[in-house]
>>> print(open('upload25.csv').read())   # CSV, C-alpha atoms
chain,number,residue,atom,x,y,z
A,161,MET,CA,142.8,-70.2,-173.0
A,162,ALA,CA,139.0,-70.3,-173.0
A,163,SER,CA,138.9,-70.0,-169.3
A,164,SER,CA,141.2,-66.9,-169.3
A,165,ARG,CA,139.0,-65.3,-171.9
A,166,ASN,CA,135.9,-66.1,-169.7
A,167,ILE,CA,137.6,-64.5,-166.7
A,168,ALA,CA,138.4,-61.4,-168.9
A,169,TYR,CA,134.7,-61.1,-169.8
A,170,LEU,CA,133.6,-61.6,-166.3
A,171,MET,CA,136.0,-58.9,-165.0
A,172,LEU,CA,134.8,-56.6,-167.8
A,173,ALA,CA,131.2,-57.2,-166.6
A,174,ALA,CA,132.3,-56.5,-163.0
A,175,ARG,CA,134.1,-53.3,-164.0
A,176,LEU,CA,131.1,-52.1,-166.0
A,177,TRP,CA,128.7,-52.9,-163.1
A,178,VAL,CA,130.7,-51.2,-160.4
A,179,GLY,CA,131.4,-48.2,-162.7
A,180,ALA,CA,127.8,-47.8,-163.6
A,181,VAL,CA,126.6,-48.0,-160.0
A,182,LEU,CA,129.1,-45.4,-158.9
A,183,ALA,CA,128.5,-43.1,-161.8
A,184,PHE,CA,124.7,-43.3,-161.4
A,185,ALA,CA,125.0,-42.7,-157.6
A,186,GLY,CA,127.2,-39.7,-158.2
A,187,PHE,CA,125.1,-38.3,-161.0
A,188,MET,CA,121.8,-38.5,-159.0
A,189,LYS,CA,123.4,-36.7,-156.1
A,190,LEU,CA,125.1,-34.1,-158.2
A,191,MET,CA,121.7,-33.2,-159.7
A,192,GLU,CA,120.4,-32.2,-156.3
A,193,PRO,CA,121.4,-29.5,-153.8
A,194,THR,CA,124.5,-30.5,-151.7
A,195,ALA,CA,122.3,-30.0,-148.6
A,196,ASN,CA,120.2,-33.0,-149.6
A,197,PHE,CA,123.1,-35.4,-149.5
A,198,GLN,CA,124.4,-33.8,-146.3
A,199,ALA,CA,121.0,-34.4,-144.7
A,200,ALA,CA,121.2,-38.0,-145.9
A,201,LEU,CA,124.7,-38.4,-144.3
A,202,GLU,CA,123.5,-36.9,-141.1
A,203,GLN,CA,121.4,-40.0,-140.3
A,204,TYR,CA,124.6,-42.0,-139.9
A,205,PRO,CA,126.1,-41.3,-136.4
A,206,LEU,CA,129.5,-42.7,-137.3
A,207,ILE,CA,130.3,-39.8,-139.6
A,208,PRO,CA,131.8,-36.9,-137.6
A,209,SER,CA,129.7,-33.8,-138.1
A,210,THR,CA,132.7,-31.7,-139.0
A,211,LEU,CA,133.3,-33.9,-142.1
A,212,LEU,CA,129.7,-33.7,-143.3
A,213,PRO,CA,130.0,-30.6,-145.6
A,214,LEU,CA,133.3,-31.8,-147.1
A,215,LEU,CA,131.9,-35.3,-147.8
A,216,ALA,CA,128.7,-34.0,-149.2
A,217,ARG,CA,130.6,-31.9,-151.7
A,218,THR,CA,133.3,-34.4,-152.7
A,219,VAL,CA,131.9,-37.9,-152.6
A,220,PRO,CA,129.4,-37.4,-155.5
A,221,TRP,CA,132.1,-36.0,-157.7
A,222,ILE,CA,134.5,-38.9,-156.9
A,223,GLU,CA,131.7,-41.4,-157.6
A,224,TRP,CA,130.8,-39.8,-160.9
A,225,ILE,CA,134.3,-39.4,-162.3
A,226,GLY,CA,135.6,-42.7,-160.7
A,227,GLY,CA,132.6,-44.6,-162.1
A,228,PHE,CA,133.4,-43.4,-165.6
A,229,PHE,CA,137.1,-44.1,-165.2
A,230,LEU,CA,136.1,-47.7,-164.3
A,231,ILE,CA,133.7,-48.0,-167.2
A,232,LEU,CA,136.4,-46.7,-169.6
A,233,GLY,CA,139.1,-48.7,-167.9
A,234,TYR,CA,141.3,-45.7,-167.2
A,235,MET,CA,143.7,-46.2,-164.2
A,236,THR,CA,141.6,-49.2,-163.5
A,237,ARG,CA,143.5,-50.7,-160.6
A,238,ALA,CA,143.9,-47.4,-158.8
A,239,THR,CA,140.3,-46.4,-159.4
A,240,ALA,CA,139.1,-49.8,-158.3
A,241,PHE,CA,141.3,-49.4,-155.1
A,242,VAL,CA,139.7,-46.1,-154.3
A,243,SER,CA,136.3,-47.5,-155.0
A,244,ALA,CA,137.0,-50.4,-152.7
A,245,LEU,CA,138.0,-47.9,-150.0
A,246,PHE,CA,134.7,-46.1,-150.6
A,247,CYS,CA,132.8,-49.3,-150.3
A,248,LEU,CA,134.6,-50.1,-147.0
A,249,GLY,CA,133.6,-46.6,-145.8
A,250,PHE,CA,130.0,-47.1,-146.8
A,251,ILE,CA,129.9,-50.5,-145.2
A,252,ALA,CA,131.4,-49.1,-142.0
A,253,VAL,CA,128.8,-46.3,-141.9
A,254,LEU,CA,125.9,-48.6,-142.8
A,255,SER,CA,126.9,-51.4,-140.4
A,256,GLY,CA,125.4,-49.7,-137.3
A,257,PRO,CA,121.9,-49.2,-138.8
A,258,PHE,CA,122.1,-52.6,-140.6
A,259,TRP,CA,122.7,-54.6,-137.4
A,260,ALA,CA,120.3,-52.4,-135.5
A,261,GLY,CA,117.6,-53.4,-138.0
A,262,SER,CA,117.1,-50.0,-139.4
A,263,SER,CA,113.7,-49.4,-141.0
A,264,ALA,CA,114.9,-46.5,-143.1
A,265,LYS,CA,113.4,-46.7,-146.5
A,266,ASP,CA,116.1,-44.7,-148.2
A,267,CYS,CA,119.8,-45.0,-147.5
A,268,GLY,CA,120.5,-41.7,-149.4
A,269,CYS,CA,123.0,-43.5,-151.7
A,270,PHE,CA,121.2,-42.3,-154.9
A,271,GLY,CA,120.0,-38.9,-153.8
A,272,GLN,CA,116.4,-38.2,-153.0
A,273,GLY,CA,115.1,-39.4,-156.3
A,274,ALA,CA,112.6,-42.1,-157.3
A,275,PHE,CA,115.4,-44.7,-157.0
A,276,ALA,CA,115.9,-45.6,-153.4
A,277,LEU,CA,117.6,-48.5,-151.6
A,278,THR,CA,116.9,-49.5,-148.0
A,279,VAL,CA,119.9,-49.6,-145.7
A,280,ASN,CA,119.9,-53.4,-145.9
A,281,GLN,CA,119.9,-53.4,-149.7
A,282,ALA,CA,122.7,-50.8,-149.8
A,283,TYR,CA,124.7,-52.8,-147.3
A,284,ILE,CA,124.5,-55.9,-149.6
A,285,LEU,CA,125.3,-53.8,-152.7
A,286,ASP,CA,128.4,-52.4,-151.0
A,287,TRP,CA,129.7,-55.8,-150.0
A,288,THR,CA,129.2,-57.0,-153.5
A,289,ASN,CA,131.0,-54.0,-155.0
A,290,LEU,CA,133.8,-54.3,-152.5
A,291,ILE,CA,134.4,-57.9,-153.6
A,292,LEU,CA,134.3,-57.0,-157.2
A,293,CYS,CA,136.6,-54.0,-156.7
A,294,SER,CA,139.1,-56.2,-154.8
A,295,MET,CA,139.1,-58.6,-157.8
A,296,LEU,CA,139.7,-55.7,-160.2
A,297,VAL,CA,142.6,-54.5,-158.1
A,298,SER,CA,144.2,-57.9,-158.2
A,299,LEU,CA,144.1,-58.1,-162.0
A,300,LYS,CA,147.0,-56.6,-163.9
A,301,LYS,CA,145.4,-56.3,-167.3
A,302,HIS,CA,141.9,-55.2,-168.1
A,303,PHE,CA,140.1,-56.3,-171.2
A,304,LEU,CA,138.7,-53.5,-173.4
A,305,SER,CA,140.1,-50.7,-171.4
A,306,LEU,CA,142.0,-47.5,-172.0
A,307,ASP,CA,144.8,-48.9,-169.9
A,308,GLN,CA,145.2,-51.7,-172.4
A,309,LEU,CA,145.4,-49.1,-175.2
A,310,PHE,CA,147.9,-46.9,-173.6
A,311,LEU,CA,150.1,-49.1,-171.4
B,600,MET,CA,154.4,-41.4,-176.8
B,601,LYS,CA,151.4,-43.3,-175.6
B,602,LYS,CA,152.7,-43.1,-172.1
B,603,ILE,CA,153.0,-39.4,-172.3
B,604,LEU,CA,149.4,-39.1,-173.6
B,605,TYR,CA,148.1,-41.3,-170.7
B,606,PRO,CA,147.9,-38.6,-168.0
B,607,PHE,CA,146.5,-36.0,-170.4
B,608,THR,CA,143.7,-38.5,-171.3
B,609,GLY,CA,142.8,-38.6,-167.6
B,610,ILE,CA,142.7,-34.8,-167.3
B,611,LEU,CA,140.7,-34.5,-170.5
B,612,LEU,CA,138.2,-37.2,-169.3
B,613,ALA,CA,137.8,-35.4,-166.0
B,614,ILE,CA,137.1,-32.1,-167.7
B,615,LEU,CA,134.7,-33.8,-170.2
B,616,LEU,CA,132.8,-35.4,-167.2
B,617,THR,CA,132.7,-32.2,-165.2
B,618,LEU,CA,131.3,-30.0,-167.9
B,619,PRO,CA,127.9,-31.7,-168.5
B,620,ILE,CA,127.3,-31.8,-164.7
B,621,LEU,CA,128.0,-28.1,-164.3
B,622,PHE,CA,125.8,-27.3,-167.3
B,623,LEU,CA,122.9,-29.4,-166.0
B,624,ARG,CA,123.3,-27.9,-162.5
B,625,ASN,CA,123.0,-24.4,-163.9
B,626,LEU,CA,120.0,-25.1,-166.0
B,627,PRO,CA,116.7,-23.4,-164.8
B,628,GLU,CA,114.8,-25.8,-162.6
B,629,SER,CA,112.1,-26.5,-165.1
B,630,GLN,CA,114.7,-27.8,-167.7
B,631,ALA,CA,116.9,-29.8,-165.4
B,632,SER,CA,116.2,-33.4,-164.9
B,633,SER,CA,114.7,-33.2,-161.5
B,634,PRO,CA,114.2,-36.4,-159.5
B,635,VAL,CA,111.6,-34.7,-157.4
B,636,PRO,CA,108.1,-35.0,-158.9
B,637,ALA,CA,107.2,-31.5,-160.1
B,638,LEU,CA,103.5,-32.3,-160.2
B,639,LYS,CA,101.4,-33.0,-157.2
B,640,GLY,CA,98.9,-35.1,-159.1
B,641,LYS,CA,96.2,-37.5,-158.0
B,642,GLY,CA,94.4,-40.0,-160.3
B,643,ASP,CA,95.0,-41.1,-163.8
B,644,PRO,CA,97.0,-38.5,-165.8
B,645,ASN,CA,95.2,-39.6,-168.9
B,646,ALA,CA,91.7,-39.1,-167.4
B,647,PRO,CA,89.3,-37.1,-169.5
B,648,VAL,CA,88.8,-34.5,-166.8
B,649,LYS,CA,91.7,-32.5,-165.5
B,650,ILE,CA,91.2,-30.3,-162.4
B,651,VAL,CA,94.0,-27.9,-161.4
B,652,GLU,CA,93.5,-26.5,-157.9
B,653,TYR,CA,95.2,-23.4,-156.7
B,654,SER,CA,94.9,-23.5,-152.9
B,655,ASP,CA,96.2,-22.1,-149.7
B,656,PHE,CA,96.6,-24.4,-146.7
B,657,GLN,CA,95.5,-21.8,-144.2
B,658,CYS,CA,92.5,-20.6,-146.2
B,659,PRO,CA,89.3,-21.8,-144.5
B,660,SER,CA,87.4,-21.8,-147.8
B,661,CYS,CA,90.0,-24.2,-149.3
B,662,GLN,CA,89.5,-26.5,-146.3
B,663,THR,CA,85.7,-26.4,-146.9
B,664,VAL,CA,86.1,-27.6,-150.4
B,665,GLU,CA,88.3,-30.5,-149.6
B,666,MET,CA,85.6,-33.0,-148.6
B,667,PRO,CA,83.4,-32.4,-151.6
B,668,LEU,CA,86.5,-32.5,-153.9
B,669,LYS,CA,87.3,-35.9,-152.4
B,670,ASP,CA,83.8,-37.1,-153.0
B,671,LEU,CA,84.0,-36.0,-156.6
B,672,MET,CA,87.3,-37.9,-157.0
B,673,GLU,CA,85.7,-41.0,-155.6
B,674,ARG,CA,82.4,-40.7,-157.5
B,675,TYR,CA,84.3,-40.2,-160.8
B,676,SER,CA,87.1,-42.5,-159.9
B,677,GLY,CA,89.5,-42.9,-162.9
B,678,LYS,CA,87.9,-40.1,-164.7
B,679,ILE,CA,89.5,-37.2,-163.0
B,680,TYR,CA,93.1,-36.1,-162.7
B,681,LEU,CA,93.7,-33.6,-159.9
B,682,VAL,CA,96.7,-31.4,-159.8
B,683,TYR,CA,97.5,-29.3,-156.7
B,684,LYS,CA,99.3,-26.0,-157.1
B,685,HIS,CA,100.6,-23.9,-154.2
B,686,PHE,CA,99.0,-20.4,-153.9
B,687,PRO,CA,100.1,-19.2,-150.4
B,688,LEU,CA,98.3,-15.9,-149.6
B,689,VAL,CA,100.3,-13.1,-148.0
B,690,SER,CA,97.5,-12.5,-145.5
B,691,HIS,CA,98.0,-15.9,-143.9
B,692,LYS,CA,100.8,-15.8,-141.4
B,693,PHE,CA,101.7,-19.5,-141.4
B,694,SER,CA,100.8,-20.2,-145.0
B,695,PRO,CA,104.4,-20.0,-146.5
B,696,LEU,CA,105.7,-22.4,-143.8
B,697,ALA,CA,102.8,-24.8,-144.4
B,698,HIS,CA,103.4,-24.9,-148.1
B,699,GLN,CA,107.1,-25.3,-147.6
B,700,ALA,CA,106.4,-28.2,-145.3
B,701,ALA,CA,104.0,-29.8,-147.8
B,702,GLU,CA,106.5,-29.4,-150.6
B,703,CYS,CA,109.1,-31.1,-148.3
B,704,ALA,CA,106.7,-33.9,-147.7
B,705,ASN,CA,106.3,-34.1,-151.5
B,706,GLU,CA,110.1,-34.6,-151.8
B,707,GLN,CA,109.6,-37.7,-149.6
B,708,GLY,CA,106.6,-38.9,-151.5
B,709,LYS,CA,104.1,-38.0,-148.8
B,710,PHE,CA,102.5,-34.9,-150.3
B,711,TRP,CA,98.9,-36.0,-150.2
B,712,GLU,CA,99.1,-37.5,-146.7
B,713,PHE,CA,100.6,-34.2,-145.5
B,714,HIS,CA,98.0,-32.2,-147.5
B,715,ASP,CA,95.2,-34.1,-145.8
B,716,GLU,CA,96.7,-33.6,-142.4
B,717,LEU,CA,97.1,-29.9,-142.9
B,718,TYR,CA,93.5,-29.4,-143.9
B,719,LYS,CA,92.2,-31.7,-141.3
B,720,ASN,CA,94.0,-29.9,-138.5
B,721,GLN,CA,93.9,-26.4,-140.0
B,722,MET,CA,92.4,-24.9,-136.9
B,723,VAL,CA,95.1,-26.5,-134.7
B,724,TRP,CA,98.2,-25.3,-136.4
B,725,SER,CA,96.7,-22.0,-137.6
B,726,SER,CA,96.2,-20.9,-134.0
B,727,ALA,CA,99.4,-22.4,-132.7
B,728,ILE,CA,102.3,-20.2,-131.5
B,729,ASP,CA,104.9,-22.4,-133.2
B,730,PRO,CA,103.3,-24.5,-136.1
B,731,LEU,CA,106.8,-25.7,-137.1
B,732,ARG,CA,106.8,-28.2,-134.3
B,733,ILE,CA,103.4,-29.4,-135.3
B,734,PHE,CA,104.5,-29.9,-138.9
B,735,GLN,CA,107.6,-31.8,-137.7
B,736,SER,CA,105.4,-34.1,-135.7
B,737,TYR,CA,103.2,-34.8,-138.7
B,738,ALA,CA,106.4,-35.6,-140.7
B,739,SER,CA,107.6,-37.9,-138.0
B,740,GLY,CA,104.2,-39.6,-137.8
B,741,MET,CA,104.4,-40.3,-141.5
B,742,ASN,CA,107.8,-41.9,-141.1
B,743,MET,CA,109.6,-39.2,-143.1
B,744,ASN,CA,113.3,-38.6,-142.7
B,745,GLU,CA,113.2,-35.9,-140.1
B,746,THR,CA,116.6,-34.5,-140.7
B,747,ARG,CA,116.0,-34.2,-144.4
B,748,PHE,CA,112.6,-32.7,-143.7
B,749,ALA,CA,114.1,-30.1,-141.3
B,750,ARG,CA,116.8,-29.2,-143.8
B,751,CYS,CA,114.3,-29.0,-146.7
B,752,LEU,CA,112.3,-26.5,-144.7
B,753,GLU,CA,115.2,-24.1,-145.0
B,754,ASN,CA,115.8,-24.9,-148.7
B,755,VAL,CA,115.3,-21.8,-150.8
B,756,SER,CA,114.9,-23.8,-154.0
B,757,VAL,CA,111.8,-25.4,-152.5
B,758,THR,CA,110.4,-21.9,-151.7
B,759,ASP,CA,111.2,-21.0,-155.3
B,760,ARG,CA,109.1,-24.0,-156.5
B,761,ILE,CA,106.2,-22.8,-154.5
B,762,GLN,CA,106.5,-19.3,-155.8
B,763,ALA,CA,106.7,-20.7,-159.3
B,764,ASP,CA,103.3,-22.3,-158.8
B,765,LYS,CA,101.9,-19.1,-157.5
B,766,ARG,CA,103.3,-17.1,-160.4
B,767,GLU,CA,101.9,-19.6,-162.8
B,768,GLY,CA,98.5,-19.1,-161.2
B,769,GLN,CA,98.7,-15.4,-161.3
B,770,ALA,CA,99.6,-15.5,-164.9
B,771,ALA,CA,96.4,-17.6,-165.5
B,772,GLY,CA,94.4,-15.0,-163.6
B,773,VAL,CA,94.2,-16.5,-160.1
B,774,VAL,CA,93.7,-13.8,-157.4
B,775,SER,CA,92.1,-15.7,-154.6
B,776,THR,CA,91.8,-19.2,-153.2
B,777,PRO,CA,90.6,-21.8,-153.9
B,778,THR,CA,90.6,-21.3,-157.7
B,779,PHE,CA,90.0,-24.3,-159.9
B,780,PHE,CA,90.5,-25.0,-163.6
B,781,VAL,CA,88.3,-27.8,-164.8
B,782,ASN,CA,89.6,-28.7,-168.2
B,783,GLY,CA,90.8,-25.2,-168.5
B,784,THR,CA,87.6,-23.4,-167.3
B,785,MET,CA,88.2,-21.3,-164.3
B,786,LEU,CA,86.0,-21.7,-161.2
B,787,VAL,CA,86.6,-19.2,-158.4
B,788,GLY,CA,85.8,-20.0,-154.8
B,789,SER,CA,84.4,-23.1,-153.1
B,790,ARG,CA,80.8,-22.2,-153.9
B,791,GLN,CA,81.2,-21.8,-157.6
B,792,PHE,CA,83.2,-25.0,-157.7
B,793,LEU,CA,80.6,-26.9,-155.7
B,794,GLU,CA,77.8,-25.6,-157.9
B,795,SER,CA,79.5,-26.1,-161.3
B,796,ALA,CA,82.2,-28.8,-161.1
B,797,ASP,CA,79.8,-31.8,-160.9
B,798,ARG,CA,77.8,-30.6,-163.9
B,799,MET,CA,80.9,-29.8,-166.0
B,800,ILE,CA,82.3,-33.2,-165.3
B,801,ARG,CA,79.0,-34.9,-166.2
B,802,GLU,CA,78.9,-33.0,-169.4
B,803,LYS,CA,82.4,-33.8,-170.3
B,804,LEU,CA,81.9,-37.5,-169.6
B,805,ALA,CA,78.6,-37.5,-171.5
B,806,LEU,CA,80.4,-36.1,-174.5
B,807,GLU,CA,83.0,-38.8,-174.2
B,808,LYS,CA,80.5,-41.6,-174.6
>>> encode(input="upload25.csv", output="structure tokens")
Amino acid sequence: MASSRNIAYLMLAARLWVGAVLAFAGFMKLMEPTANFQAALEQYPLIPSTLLPLLARTVPWIEWIGGFFLILGYMTRATAFVSALFCLGFIAVLSGPFWAGSSAKDCGCFGQGAFALTVNQAYILDWTNLILCSMLVSLKKHFLSLDQLFL
Amino acid sequence: MKKILYPFTGILLAILLTLPILFLRNLPESQASSPVPALKGKGDPNAPVKIVEYSDFQCPSCQTVEMPLKDLMERYSGKIYLVYKHFPLVSHKFSPLAHQAAECANEQGKFWEFHDELYKNQMVWSSAIDPLRIFQSYASGMNMNETRFARCLENVSVTDRIQADKREGQAAGVVSTPTFFVNGTMLVGSRQFLESADRMIREKLALEK
């Protein structure tokens, strides 16, 4: 009983962490011109150039709204699944520069603001979030969530 | 009933999350929470002496005053806070581009390095056919993100920021460069600055003691 409660608390912390990271990343990018994020994406050769404008416009919004959905626990499993796909995408995009030993000081994940992560730091963060999202997807009930309230 | 409300909750949440973003994005630049440092400042912001410099990167007089200004900053280390303001003059052909490039360097935290480079090599880029390449080489030499730098050079909101600096100067009475405000007192031109700034700083610091 005690261990299941501990797991519930741990998963709540995981949900809040992933949600906060996503929402913050989305917010920072939404506060800047779309061109800034597009320029950040251009440094990753894996992303086809035709997709750049679309990604620059949509990704920050999905991060922002998805992040809050996770924090509030709304459609938690579906949102965690989408977030996991995002993390996979980010990992795929960052893998090249990471293994090539990129010296880039800013991955562009949080806009051009004062808060910047290197490619290596972002790579580790995305792996962490991917694991946490996978755990959230696997869980049917989520403690202190809107899902719990409605379903 | 709860199950019926569930999808509506999602729609409501999405709307509630979208509205503040749209609101913040439509705020005038000065009110929006901008992650880009608005001030190009050097030194301690709480220093007793505040110098505001309105300058043009292509103006020779502005270049002349740079070394003495640096000396002042070193001599009164910790006592002066210097703020740089763009004041590109229409008569200088490459000035708007130089200021745009410097502001783009500012976005990547390299304003002062770029500023120094521009003044140090003023003769080189001022007489060049295509100074853009020179600015790009400076950016690359400072390990800036070149793609972002290139994109920023075309960003109209950056140009607006430069013009906002200039308008602010004009409102304060600036008509030529360099013009300084030492704790609010206007000093026009390099000569007046060199003659008066040191004395004004000493007087201010003597009063502080």
>>> closest_residue(input="upload25.csv", among="A:Tyr169, A:Phe303, A:Trp259, A:Trp224", to="chain B", atoms="all atoms listed in the file")
A:Trp224
>>> residues_around(input="upload25.csv", residues="segment 658-673 of chain B", least_positions_apart="5", cutoff="7 Å", atoms="all atoms listed in the file", output="PyMOL selection string")
chain B and resi 679+718+776-777+789
>>> interface_residues(input="upload25.csv", of="chain B", to="chain A", cutoff="7 Å", atoms="only C-alpha atoms", output="list in words")
Lys601, Lys602, Tyr605, Ala613, Leu616, Arg624, Pro634, Val635, Thr746, Arg747 and Arg750 of chain B
>>> closest_residue(input="upload25.csv", among="B:Met743, B:Leu688, B:Leu786, B:Leu681", to="Lys709 of chain B", atoms="all atoms listed in the file")
B:Met743
>>> residues_around(input="upload25.csv", residues="Ser676 of chain B", least_positions_apart="6", cutoff="12 Å", atoms="all atoms listed in the file", output="PyMOL selection string")
chain B and resi 641-643+646-648+668-670+800
>>> atom_distance(input="upload25.csv", atom1="atom CA of Leu206 of chain A", atom2="atom CA of Gly256 of chain A")
8.1 Å
>>> residues_around(input="upload25.csv", residues="Glu652 of chain B", least_positions_apart="5", cutoff="8 Å", atoms="all atoms listed in the file", output="list in words")
Leu681, Val682, Tyr683, Lys684, Pro777, Thr778, Phe779 and Phe780 of chain B
>>> atom_distance(input="upload25.csv", atom1="atom CA of Gly788 of chain B", atom2="atom CA of Ser654 of chain B")
9.9 Å
>>> closest_atom_pairs(input="upload25.csv", of="segment 173-276 of chain A", to="segment 286-300 of chain A", cutoff="8 Å", atoms="only C-alpha atoms", output="tab-separated table")
residue	atom	partner	partner_atom	distance
A:Ala174	CA	A:Leu292	CA	6.2
A:Arg175	CA	A:Leu296	CA	7.2
A:Val178	CA	A:Asn289	CA	6.1
A:Thr236	CA	A:Leu296	CA	7.5
A:Arg237	CA	A:Val297	CA	4.6
A:Ala238	CA	A:Val297	CA	7.3
A:Ala240	CA	A:Cys293	CA	5.1
A:Phe241	CA	A:Val297	CA	6.1
A:Ser243	CA	A:Cys293	CA	6.7
A:Ala244	CA	A:Leu290	CA	5.0
A:Cys247	CA	A:Asp286	CA	5.4
A:Leu248	CA	A:Leu290	CA	7.0
A:Phe250	CA	A:Asp286	CA	6.9
A:Ile251	CA	A:Asp286	CA	6.3
>>> atom_distance(input="upload25.csv", atom1="atom CA of Glu716 of chain B", atom2="atom CA of Ile733 of chain B")
10.6 Å
>>> residues_around(input="upload25.csv", residues="Ile761 of chain B", least_positions_apart="4", cutoff="7 Å", atoms="only C-alpha atoms", output="mmCIF file with C-alpha atoms, in the frame of the given file")
data_model
loop_
_atom_site.group_PDB
_atom_site.id
_atom_site.type_symbol
_atom_site.label_atom_id
_atom_site.label_comp_id
_atom_site.auth_asym_id
_atom_site.auth_seq_id
_atom_site.Cartn_x
_atom_site.Cartn_y
_atom_site.Cartn_z
ATOM 1 C CA HIS B 685 100.600 -23.900 -154.200
ATOM 2 C CA VAL B 757 111.800 -25.400 -152.500
ATOM 3 C CA LYS B 765 101.900 -19.100 -157.500
#
>>> closest_residue(input="upload25.csv", among="B:Phe713, B:Tyr737, B:Phe792, B:Phe748", to="Ala701 of chain B", atoms="all atoms listed in the file")
B:Phe713
>>> residues_around(input="upload25.csv", residues="His691 of chain B", least_positions_apart="3", cutoff="9 Å", atoms="only C-alpha atoms", output="short mmCIF file (atom, residue, chain, number, x, y, z; two decimals) with C-alpha atoms, keeping the file's coordinate frame")
data_model
loop_
_atom_site.label_atom_id
_atom_site.label_comp_id
_atom_site.auth_asym_id
_atom_site.auth_seq_id
_atom_site.Cartn_x
_atom_site.Cartn_y
_atom_site.Cartn_z
CA ASP B 655 96.20 -22.10 -149.70
CA GLN B 657 95.50 -21.80 -144.20
CA CYS B 658 92.50 -20.60 -146.20
CA PRO B 687 100.10 -19.20 -150.40
CA LEU B 688 98.30 -15.90 -149.60
CA SER B 694 100.80 -20.20 -145.00
CA PRO B 695 104.40 -20.00 -146.50
CA SER B 725 96.70 -22.00 -137.60
#
